[in-house]
file input_0.pdb (PDB, C-alpha atoms and all ligand atoms)
MODEL        1
ATOM      1  CA  MET P   1      72.664 228.083  58.551
ATOM      2  CA  ALA P   2      71.119 225.674  56.071
ATOM      3  CA  VAL P   3      67.614 224.398  56.776
ATOM      4  CA  GLN P   4      67.720 220.870  58.129
ATOM      5  CA  CYS P   5      65.161 218.123  58.101
ATOM      6  CA  GLU P   6      65.547 215.702  60.975
ATOM      7  CA  GLU P   7      64.185 212.279  61.866
ATOM      8  CA  TYR P   8      64.594 211.482  65.554
ATOM      9  CA  TYR P   9      65.338 207.849  66.438
ATOM     10  CA  PRO P  10      64.044 207.215  69.981
ATOM     11  CA  GLU P  11      65.862 203.860  70.098
ATOM     12  CA  ILE P  12      69.278 205.501  70.100
ATOM     13  CA  LYS P  13      68.297 208.948  71.339
ATOM     14  CA  GLY P  14      69.861 210.459  68.285
ATOM     15  CA  SER P  15      68.808 211.582  64.873
ATOM     16  CA  PHE P  16      69.426 211.561  61.154
ATOM     17  CA  SER P  17      69.371 214.943  59.489
ATOM     18  CA  PHE P  18      69.865 216.316  56.013
ATOM     19  CA  GLU P  19      69.822 219.746  54.400
ATOM     20  CA  ILE P  20      66.786 220.790  52.431
ATOM     21  CA  GLU P  21      66.199 223.417  49.777
ATOM     22  CA  LYS P  22      62.484 223.675  50.244
ATOM     23  CA  VAL P  23      59.283 222.071  51.374
ATOM     24  CA  LEU P  24      57.321 221.150  48.249
ATOM     25  CA  PHE P  25      54.225 219.735  49.947
ATOM     26  CA  SER P  26      53.024 219.606  53.517
ATOM     27  CA  ARG P  27      49.524 218.681  54.561
ATOM     28  CA  GLN P  28      47.766 216.978  57.403
ATOM     29  CA  SER P  29      45.284 214.318  56.302
ATOM     30  CA  SER P  30      42.770 212.722  58.653
ATOM     31  CA  TYR P  31      45.447 210.136  59.411
ATOM     32  CA  GLN P  32      48.880 211.721  59.334
ATOM     33  CA  ARG P  33      51.130 214.555  58.143
ATOM     34  CA  VAL P  34      52.323 213.972  54.579
ATOM     35  CA  GLU P  35      55.322 215.943  53.310
ATOM     36  CA  VAL P  36      57.591 216.018  50.270
ATOM     37  CA  VAL P  37      60.786 218.039  50.577
ATOM     38  CA  GLN P  38      63.497 218.877  48.074
ATOM     39  CA  SER P  39      66.746 217.897  49.805
ATOM     40  CA  LYS P  40      70.219 218.933  48.776
ATOM     41  CA  GLY P  41      71.818 215.514  48.662
ATOM     42  CA  LEU P  42      69.091 212.846  48.660
ATOM     43  CA  GLY P  43      66.777 214.117  45.938
ATOM     44  CA  ARG P  44      63.169 214.515  46.936
ATOM     45  CA  VAL P  45      62.124 212.912  50.210
ATOM     46  CA  LEU P  46      58.665 211.672  51.265
ATOM     47  CA  LEU P  47      57.988 211.993  54.997
ATOM     48  CA  ILE P  48      55.024 210.755  57.014
ATOM     49  CA  ASP P  49      54.715 212.208  60.499
ATOM     50  CA  GLY P  50      58.335 213.294  60.195
ATOM     51  CA  LEU P  51      59.646 209.809  59.358
ATOM     52  CA  VAL P  52      61.517 209.181  56.103
ATOM     53  CA  MET P  53      59.395 206.939  53.890
ATOM     54  CA  LEU P  54      61.602 207.180  50.847
ATOM     55  CA  THR P  55      64.298 209.274  49.230
ATOM     56  CA  GLU P  56      64.836 209.476  45.488
ATOM     57  CA  ARG P  57      68.438 208.535  46.108
ATOM     58  CA  ASP P  58      67.920 205.065  47.572
ATOM     59  CA  GLU P  59      64.222 204.102  47.240
ATOM     60  CA  PHE P  60      65.227 201.528  44.622
ATOM     61  CA  VAL P  61      66.810 199.334  47.320
ATOM     62  CA  TYR P  62      63.646 198.985  49.391
ATOM     63  CA  HIS P  63      61.212 198.735  46.486
ATOM     64  CA  GLU P  64      63.228 196.214  44.491
ATOM     65  CA  MET P  65      63.814 194.038  47.546
ATOM     66  CA  ILE P  66      60.249 194.045  48.828
ATOM     67  CA  ALA P  67      58.787 193.230  45.397
ATOM     68  CA  HIS P  68      61.228 191.061  43.451
ATOM     69  CA  THR P  69      62.154 188.684  46.250
ATOM     70  CA  PRO P  70      58.696 187.009  46.349
ATOM     71  CA  LEU P  71      58.021 187.560  42.630
ATOM     72  CA  PHE P  72      61.123 185.589  41.616
ATOM     73  CA  VAL P  73      60.061 182.695  43.869
ATOM     74  CA  HIS P  74      56.342 182.207  43.155
ATOM     75  CA  PRO P  75      56.148 180.217  39.863
ATOM     76  CA  ASP P  76      53.233 182.157  38.385
ATOM     77  CA  PRO P  77      52.340 185.322  40.310
ATOM     78  CA  ARG P  78      49.226 186.812  38.705
ATOM     79  CA  ARG P  79      47.479 188.699  41.455
ATOM     80  CA  VAL P  80      49.376 190.912  43.885
ATOM     81  CA  LEU P  81      47.933 192.775  46.874
ATOM     82  CA  ILE P  82      49.901 195.672  48.343
ATOM     83  CA  ILE P  83      48.826 197.033  51.720
ATOM     84  CA  GLY P  84      50.185 200.529  52.350
ATOM     85  CA  GLY P  85      52.704 201.593  49.726
ATOM     86  CA  GLY P  86      50.608 204.546  48.548
ATOM     87  CA  ASP P  87      53.745 206.170  47.092
ATOM     88  CA  GLY P  88      53.595 203.555  44.300
ATOM     89  CA  GLY P  89      57.231 202.392  44.402
ATOM     90  CA  THR P  90      56.296 198.780  45.127
ATOM     91  CA  VAL P  91      53.620 198.848  42.413
ATOM     92  CA  ARG P  92      56.239 200.019  39.897
ATOM     93  CA  GLU P  93      58.473 197.028  40.644
ATOM     94  CA  CYS P  94      55.617 194.490  40.591
ATOM     95  CA  LEU P  95      54.514 195.638  37.128
ATOM     96  CA  LYS P  96      57.935 194.682  35.724
ATOM     97  CA  HIS P  97      56.733 191.055  35.884
ATOM     98  CA  GLN P  98      54.611 190.134  32.877
ATOM     99  CA  SER P  99      52.757 187.342  34.665
ATOM    100  CA  VAL P 100      51.265 189.932  37.029
ATOM    101  CA  GLU P 101      47.795 190.637  35.650
ATOM    102  CA  LYS P 102      46.566 192.811  38.446
ATOM    103  CA  VAL P 103      48.003 194.748  41.361
ATOM    104  CA  THR P 104      45.563 195.875  44.036
ATOM    105  CA  LEU P 105      46.931 198.735  46.123
ATOM    106  CA  VAL P 106      45.129 199.375  49.408
ATOM    107  CA  ASP P 107      46.374 202.455  51.256
ATOM    108  CA  ILE P 108      44.352 204.161  53.947
ATOM    109  CA  ASP P 109      45.499 207.620  52.905
ATOM    110  CA  GLU P 110      44.837 208.947  49.420
ATOM    111  CA  LEU P 111      46.916 212.026  50.196
ATOM    112  CA  VAL P 112      50.122 209.922  50.059
ATOM    113  CA  THR P 113      49.342 208.851  46.498
ATOM    114  CA  ARG P 114      48.253 212.324  45.397
ATOM    115  CA  ALA P 115      51.399 213.962  46.780
ATOM    116  CA  SER P 116      53.595 211.243  45.266
ATOM    117  CA  LEU P 117      51.975 211.521  41.832
ATOM    118  CA  GLU P 118      52.565 215.241  41.864
ATOM    119  CA  TYR P 119      56.075 215.413  43.340
ATOM    120  CA  LEU P 120      57.553 211.922  42.900
ATOM    121  CA  PRO P 121      56.254 210.830  39.486
ATOM    122  CA  SER P 122      59.152 208.427  38.835
ATOM    123  CA  VAL P 123      58.059 206.520  41.933
ATOM    124  CA  ALA P 124      54.283 206.884  41.769
ATOM    125  CA  GLY P 125      53.539 207.006  38.026
ATOM    126  CA  ALA P 126      52.985 203.244  37.884
ATOM    127  CA  VAL P 127      49.743 203.478  39.882
ATOM    128  CA  LEU P 128      48.104 204.930  36.750
ATOM    129  CA  SER P 129      48.593 201.666  34.836
ATOM    130  CA  ASP P 130      45.437 199.811  33.830
ATOM    131  CA  ARG P 131      46.837 196.724  35.589
ATOM    132  CA  VAL P 132      46.511 198.583  38.911
ATOM    133  CA  GLU P 133      43.476 199.085  41.100
ATOM    134  CA  CYS P 134      43.906 201.694  43.847
ATOM    135  CA  ARG P 135      41.631 201.535  46.855
ATOM    136  CA  PHE P 136      41.909 204.156  49.542
ATOM    137  CA  GLU P 137      40.642 202.327  52.580
ATOM    138  CA  ASP P 138      41.837 200.588  55.719
ATOM    139  CA  GLY P 139      43.964 197.559  54.782
ATOM    140  CA  VAL P 140      42.995 195.792  58.010
ATOM    141  CA  LYS P 141      39.307 195.981  57.104
ATOM    142  CA  PHE P 142      39.995 195.150  53.459
ATOM    143  CA  VAL P 143      41.702 191.806  54.161
ATOM    144  CA  LYS P 144      39.061 190.950  56.730
ATOM    145  CA  GLY P 145      36.202 191.548  54.292
ATOM    146  CA  THR P 146      37.432 190.542  50.853
ATOM    147  CA  THR P 147      36.641 187.234  49.152
ATOM    148  CA  GLU P 148      39.410 187.801  46.572
ATOM    149  CA  ARG P 149      42.521 185.606  46.620
ATOM    150  CA  TYR P 150      46.086 186.723  45.893
ATOM    151  CA  ASP P 151      49.330 184.959  45.002
ATOM    152  CA  ILE P 152      51.456 187.582  46.732
ATOM    153  CA  VAL P 153      50.637 189.971  49.585
ATOM    154  CA  ILE P 154      53.143 192.756  50.225
ATOM    155  CA  ILE P 155      52.825 194.814  53.390
ATOM    156  CA  ASP P 156      54.571 198.097  52.600
ATOM    157  CA  SER P 157      53.727 199.849  55.848
ATOM    158  CA  THR P 158      55.072 202.629  57.995
ATOM    159  CA  ASP P 159      56.483 201.799  61.439
ATOM    160  CA  PRO P 160      54.224 199.980  63.952
ATOM    161  CA  ILE P 161      52.866 203.238  65.341
ATOM    162  CA  SER P 162      49.793 205.316  64.483
ATOM    163  CA  VAL P 163      47.964 204.049  61.347
ATOM    164  CA  GLY P 164      50.681 201.437  60.780
ATOM    165  CA  GLU P 165      49.966 199.629  64.029
ATOM    166  CA  GLY P 166      47.103 197.454  62.788
ATOM    167  CA  LEU P 167      49.363 196.076  60.058
ATOM    168  CA  PHE P 168      51.569 194.365  62.664
ATOM    169  CA  THR P 169      48.990 192.306  64.558
ATOM    170  CA  HIS P 170      48.380 188.577  64.765
ATOM    171  CA  ALA P 171      44.748 189.029  63.645
ATOM    172  CA  PHE P 172      45.853 190.955  60.538
ATOM    173  CA  TYR P 173      48.407 188.259  59.640
ATOM    174  CA  GLN P 174      45.642 185.631  59.981
ATOM    175  CA  ASP P 175      43.463 187.561  57.544
ATOM    176  CA  CYS P 176      46.423 187.904  55.160
ATOM    177  CA  PHE P 177      46.879 184.118  55.328
ATOM    178  CA  LYS P 178      43.215 183.728  54.385
ATOM    179  CA  VAL P 179      43.435 186.015  51.338
ATOM    180  CA  LEU P 180      46.505 184.193  50.006
ATOM    181  CA  SER P 181      46.086 181.363  47.506
ATOM    182  CA  ASP P 182      47.197 177.872  48.597
ATOM    183  CA  ASP P 183      50.757 178.545  47.487
ATOM    184  CA  GLY P 184      50.801 182.250  48.344
ATOM    185  CA  ILE P 185      53.649 184.305  49.793
ATOM    186  CA  LEU P 186      53.470 187.268  52.164
ATOM    187  CA  VAL P 187      56.333 189.752  52.413
ATOM    188  CA  ASN P 188      56.396 192.607  54.912
ATOM    189  CA  GLN P 189      58.757 195.397  55.857
ATOM    190  CA  SER P 190      60.060 194.301  59.251
ATOM    191  CA  GLU P 191      61.980 197.270  60.641
ATOM    192  CA  SER P 192      65.638 197.448  61.674
ATOM    193  CA  PRO P 193      67.183 194.548  63.588
ATOM    194  CA  ALA P 194      69.905 196.906  64.771
ATOM    195  CA  TRP P 195      67.727 199.605  66.274
ATOM    196  CA  GLN P 196      64.234 198.138  66.534
ATOM    197  CA  ALA P 197      65.131 194.703  67.862
ATOM    198  CA  GLU P 198      62.020 194.344  69.977
ATOM    199  CA  GLU P 199      59.734 195.081  67.033
ATOM    200  CA  VAL P 200      61.566 192.542  64.908
ATOM    201  CA  ALA P 201      61.159 189.862  67.580
ATOM    202  CA  LYS P 202      57.447 190.630  67.892
ATOM    203  CA  ILE P 203      56.839 190.538  64.126
ATOM    204  CA  SER P 204      58.604 187.210  63.873
ATOM    205  CA  ALA P 205      56.722 185.633  66.789
ATOM    206  CA  LYS P 206      53.356 186.729  65.388
ATOM    207  CA  LEU P 207      54.033 185.610  61.809
ATOM    208  CA  ARG P 208      55.357 182.252  63.030
ATOM    209  CA  ARG P 209      52.029 181.472  64.702
ATOM    210  CA  VAL P 210      50.263 181.876  61.358
ATOM    211  CA  PHE P 211      52.555 180.691  58.554
ATOM    212  CA  PRO P 212      54.092 177.221  58.207
ATOM    213  CA  ARG P 213      57.274 178.646  56.667
ATOM    214  CA  LEU P 214      58.913 181.849  57.809
ATOM    215  CA  TYR P 215      62.191 183.403  56.711
ATOM    216  CA  PHE P 216      63.714 186.851  56.952
ATOM    217  CA  TYR P 217      66.015 188.667  54.577
ATOM    218  CA  GLN P 218      67.930 191.913  54.825
ATOM    219  CA  ALA P 219      68.945 194.916  52.751
ATOM    220  CA  HIS P 220      71.028 198.035  53.143
ATOM    221  CA  ILE P 221      68.840 201.115  53.072
ATOM    222  CA  PRO P 222      71.029 204.095  53.977
ATOM    223  CA  THR P 223      68.221 206.523  54.843
ATOM    224  CA  TYR P 224      66.215 204.256  57.209
ATOM    225  CA  PRO P 225      67.130 203.948  60.914
ATOM    226  CA  SER P 226      70.580 202.282  61.117
ATOM    227  CA  GLY P 227      70.494 201.450  57.408
ATOM    228  CA  HIS P 228      70.162 197.747  58.259
ATOM    229  CA  TRP P 229      66.678 196.634  57.264
ATOM    230  CA  LEU P 230      64.718 193.403  57.469
ATOM    231  CA  PHE P 231      61.863 191.906  55.461
ATOM    232  CA  GLY P 232      59.702 188.941  56.447
ATOM    233  CA  PHE P 233      59.033 186.187  53.877
ATOM    234  CA  ALA P 234      56.096 184.104  55.122
ATOM    235  CA  SER P 235      55.062 181.319  52.811
ATOM    236  CA  LYS P 236      52.496 178.552  52.529
ATOM    237  CA  GLN P 237      54.675 176.322  50.327
ATOM    238  CA  TYR P 238      57.644 177.862  48.591
ATOM    239  CA  HIS P 239      61.168 178.101  49.917
ATOM    240  CA  PRO P 240      62.877 181.398  49.140
ATOM    241  CA  MET P 241      66.105 179.825  47.915
ATOM    242  CA  ARG P 242      65.171 176.335  46.689
ATOM    243  CA  ASP P 243      62.294 177.725  44.641
ATOM    244  CA  PHE P 244      64.136 180.776  43.271
ATOM    245  CA  ARG P 245      63.426 180.919  39.523
ATOM    246  CA  GLU P 246      66.953 181.091  38.138
ATOM    247  CA  ALA P 247      65.996 180.598  34.459
ATOM    248  CA  TYR P 248      63.299 183.265  34.638
ATOM    249  CA  TYR P 249      65.734 185.641  36.317
ATOM    250  CA  ARG P 250      68.261 185.155  33.490
ATOM    251  CA  GLN P 251      65.753 186.188  30.840
ATOM    252  CA  PHE P 252      64.181 189.057  32.870
ATOM    253  CA  ALA P 253      64.380 192.128  30.659
ATOM    254  CA  HIS P 254      64.267 195.017  33.150
ATOM    255  CA  PRO P 255      67.533 196.424  34.481
ATOM    256  CA  LEU P 256      67.574 196.506  38.288
ATOM    257  CA  ARG P 257      69.901 198.566  40.472
ATOM    258  CA  TYR P 258      70.052 196.501  43.663
ATOM    259  CA  TYR P 259      68.372 193.116  43.379
ATOM    260  CA  ASN P 260      70.139 190.276  41.567
ATOM    261  CA  ASP P 261      70.305 186.464  41.787
ATOM    262  CA  GLY P 262      73.342 186.298  44.061
ATOM    263  CA  LEU P 263      71.890 188.925  46.331
ATOM    264  CA  HIS P 264      68.539 187.119  46.481
ATOM    265  CA  ARG P 265      70.297 184.134  48.039
ATOM    266  CA  GLY P 266      72.712 186.181  50.112
ATOM    267  CA  ALA P 267      69.991 188.355  51.608
ATOM    268  CA  PHE P 268      68.636 185.359  53.528
ATOM    269  CA  ALA P 269      71.976 184.770  55.274
ATOM    270  CA  LEU P 270      71.562 186.545  58.595
ATOM    271  CA  PRO P 271      73.918 187.703  61.351
ATOM    272  CA  ASN P 272      73.714 185.633  64.546
ATOM    273  CA  PHE P 273      72.141 188.408  66.598
ATOM    274  CA  VAL P 274      69.355 188.693  64.011
ATOM    275  CA  LYS P 275      68.787 184.924  64.011
ATOM    276  CA  GLU P 276      68.379 185.096  67.756
ATOM    277  CA  LEU P 277      65.782 187.858  67.481
ATOM    278  CA  ILE P 278      63.657 186.060  64.935
ATOM    279  CA  ASP P 279      63.921 182.681  66.658
ATOM    280  CA  ALA P 280      63.020 184.003  70.112
ATOM    281  CA  GLN P 281      59.393 183.138  70.789
TER     282      GLN P 281
HETATM  283  N1  LIG B 301      57.862 202.133  54.326
HETATM  284  C1  LIG B 301      58.508 202.722  55.459
HETATM  285  C2  LIG B 301      59.506 201.920  56.188
HETATM  286  C3  LIG B 301      59.710 202.460  57.559
HETATM  287  C4  LIG B 301      60.662 203.601  57.631
HETATM  288  N2  LIG B 301      60.827 203.958  58.994
HETATM  289  C5  LIG B 301      61.428 205.070  59.454
HETATM  290  N3  LIG B 301      61.950 205.925  58.638
HETATM  291  N4  LIG B 301      61.448 205.294  60.737
HETATM  292  C6  LIG B 301      58.229 202.860  53.198
HETATM  293  C7  LIG B 301      57.208 203.126  52.227
HETATM  294  C8  LIG B 301      57.873 203.111  50.904
HETATM  295  N5  LIG B 301      57.029 202.581  49.898
ENDMDL
END

call {"tool": "encode", "arguments": {"input": "input_0.pdb", "output": "C-alpha cells", "more": "lines below"}}
Ligand code: AG3
result
Amino acid sequence: MAVQCEEYYPEIKGSFSFEIEKVLFSRQSSYQRVEVVQSKGLGRVLLIDGLVMLTERDEFVYHEMIAHTPLFVHPDPRRVLIIGGGDGGTVRECLKHQSVEKVTLVDIDELVTRASLEYLPSVAGAVLSDRVECRFEDGVKFVKGTTERYDIVIIDSTDPISVGEGLFTHAFYQDCFKVLSDDGILVNQSESPAWQAEEVAKISAKLRRVFPRLYFYQAHIPTYPSGHWLFGFASKQYHPMRDFREAYYRQFAHPLRYYNDGLHRGAFALPNFVKELIDAQ
C-alpha cells in the first residue's frame, strides 16, 4: 500500500490524507517538528507538528489572500511586519508591491525558513531579498518591545496551539495595535469557520476589543481543514471595500492566480452562520 501522510482533524474526528513519495526533511526544533514531504498529487508539502502549513499545489490561494487584501487597501504601504510565515510565501507576495520598502519577518523558528529555502525555494526564495529583514525570535516579545511602526501587520501563524497560541491573545493584539501606524491595517489567518467555529468566535471577540474597525474575509484553501478559511482585517481607518485601490489594481504588473478585484470585494461577503460567529461577543 502507498505511504500516506495524514492530518487528523479533532473537530470532526476525521482526517485528511494524501499519498507521499518520500520524506525530504524531518527535524525537531526546540519548538516543533518541521517536515517537508514529496507528495504524489499536491507537490511538496510543509508540515509543522503534523499539520499542513502549505502545499505547492494551492499555497498561492492563502499567500495571495493574506498579503494582497490589505496591500490593495492601504494607500501607501511602505513597511510590512509579518509574524510567523517563516516559509516565506507571504513575503513573496508583499514584495510584488513596489511601495513596500521593507518587510520584517519575525518567526520564532529558524528551522522553518531553512527547510523552506532548501526544499520549497519557489515559496521561500523571496526572504533573501535585500528588502527583507528576517528575525528569528518570539513575535509576541518582538511587538511588545519594538519602537518601530508598520503600515501593515500580517499574522501568518499556525493554529492557536503550541507556539501559535500567543499569537491569538488580546494582549498580543494590543501590542500589534501599538506597532501599527495611525492608519495601519492588521490581517491575520483566522482558522476555519466550518470546523473551528469556536476559535473564530474567540479571535473576533478579542480583535473587536482592540480595533475600531473589524471585518473578516474568506477564501477556498482545499488542503486546510474543511477548505473554508477566514482572515481577519482589523483596521484603524481604512474600509476594505470603500478604500480598495481600483486604479492601482488595474496597473499592477504581476500576474496573480487567485486574488483579483472582484474577488477582493466578494471575499468580504460572508455566509450567515459566519456572520453570527464573528458578531457573537
Ligand atoms: N499558516 C497555517 C494555517 C493553519 C493551517 N492549519 C491546519 N492545517 N490545521 C500557514 C503558513 C503558511 N505561510

call {"tool": "residues_around", "arguments": {"input": "input_0.pdb", "residues": "Asp76 (chain P)", "least_positions_apart": "5", "cutoff": "12 Å", "atoms": "only C-alpha atoms", "output": "PyMOL selection string"}}
result
chain P and resi 70-71+97-101+150-152+181+183-185+238+243+245+248

call {"tool": "atom_distance", "arguments": {"input": "input_0.pdb", "atom1": "CA of Met53 (chain P)", "atom2": "CA of Gly85 (chain P)"}}
result
9.5 Å

call {"tool": "resolve_selection", "arguments": {"input": "input_0.pdb", "expression": "the PyMOL selection byres (((chain P and resi 134) around 7) and not hetatm)", "output": "JSON, numbers by chain"}}
result
{"P": [104, 105, 106, 132, 133, 135, 136]}

call {"tool": "closest_residue", "arguments": {"input": "input_0.pdb", "among": "P:His228, P:Lys275, P:Lys202, P:Arg78", "to": "ligand LIG 301 (chain B)", "atoms": "all atoms listed in the file"}}
result
P:His228

call {"tool": "residues_near_point", "arguments": {"input": "input_0.pdb", "point": "(58.5, 206.1, 53.3)", "cutoff": "9 Å", "atoms": "all atoms listed in the file", "output": "ChimeraX atom specification"}}
result
/P:45-48,51-55,59,85,87,156-158,224
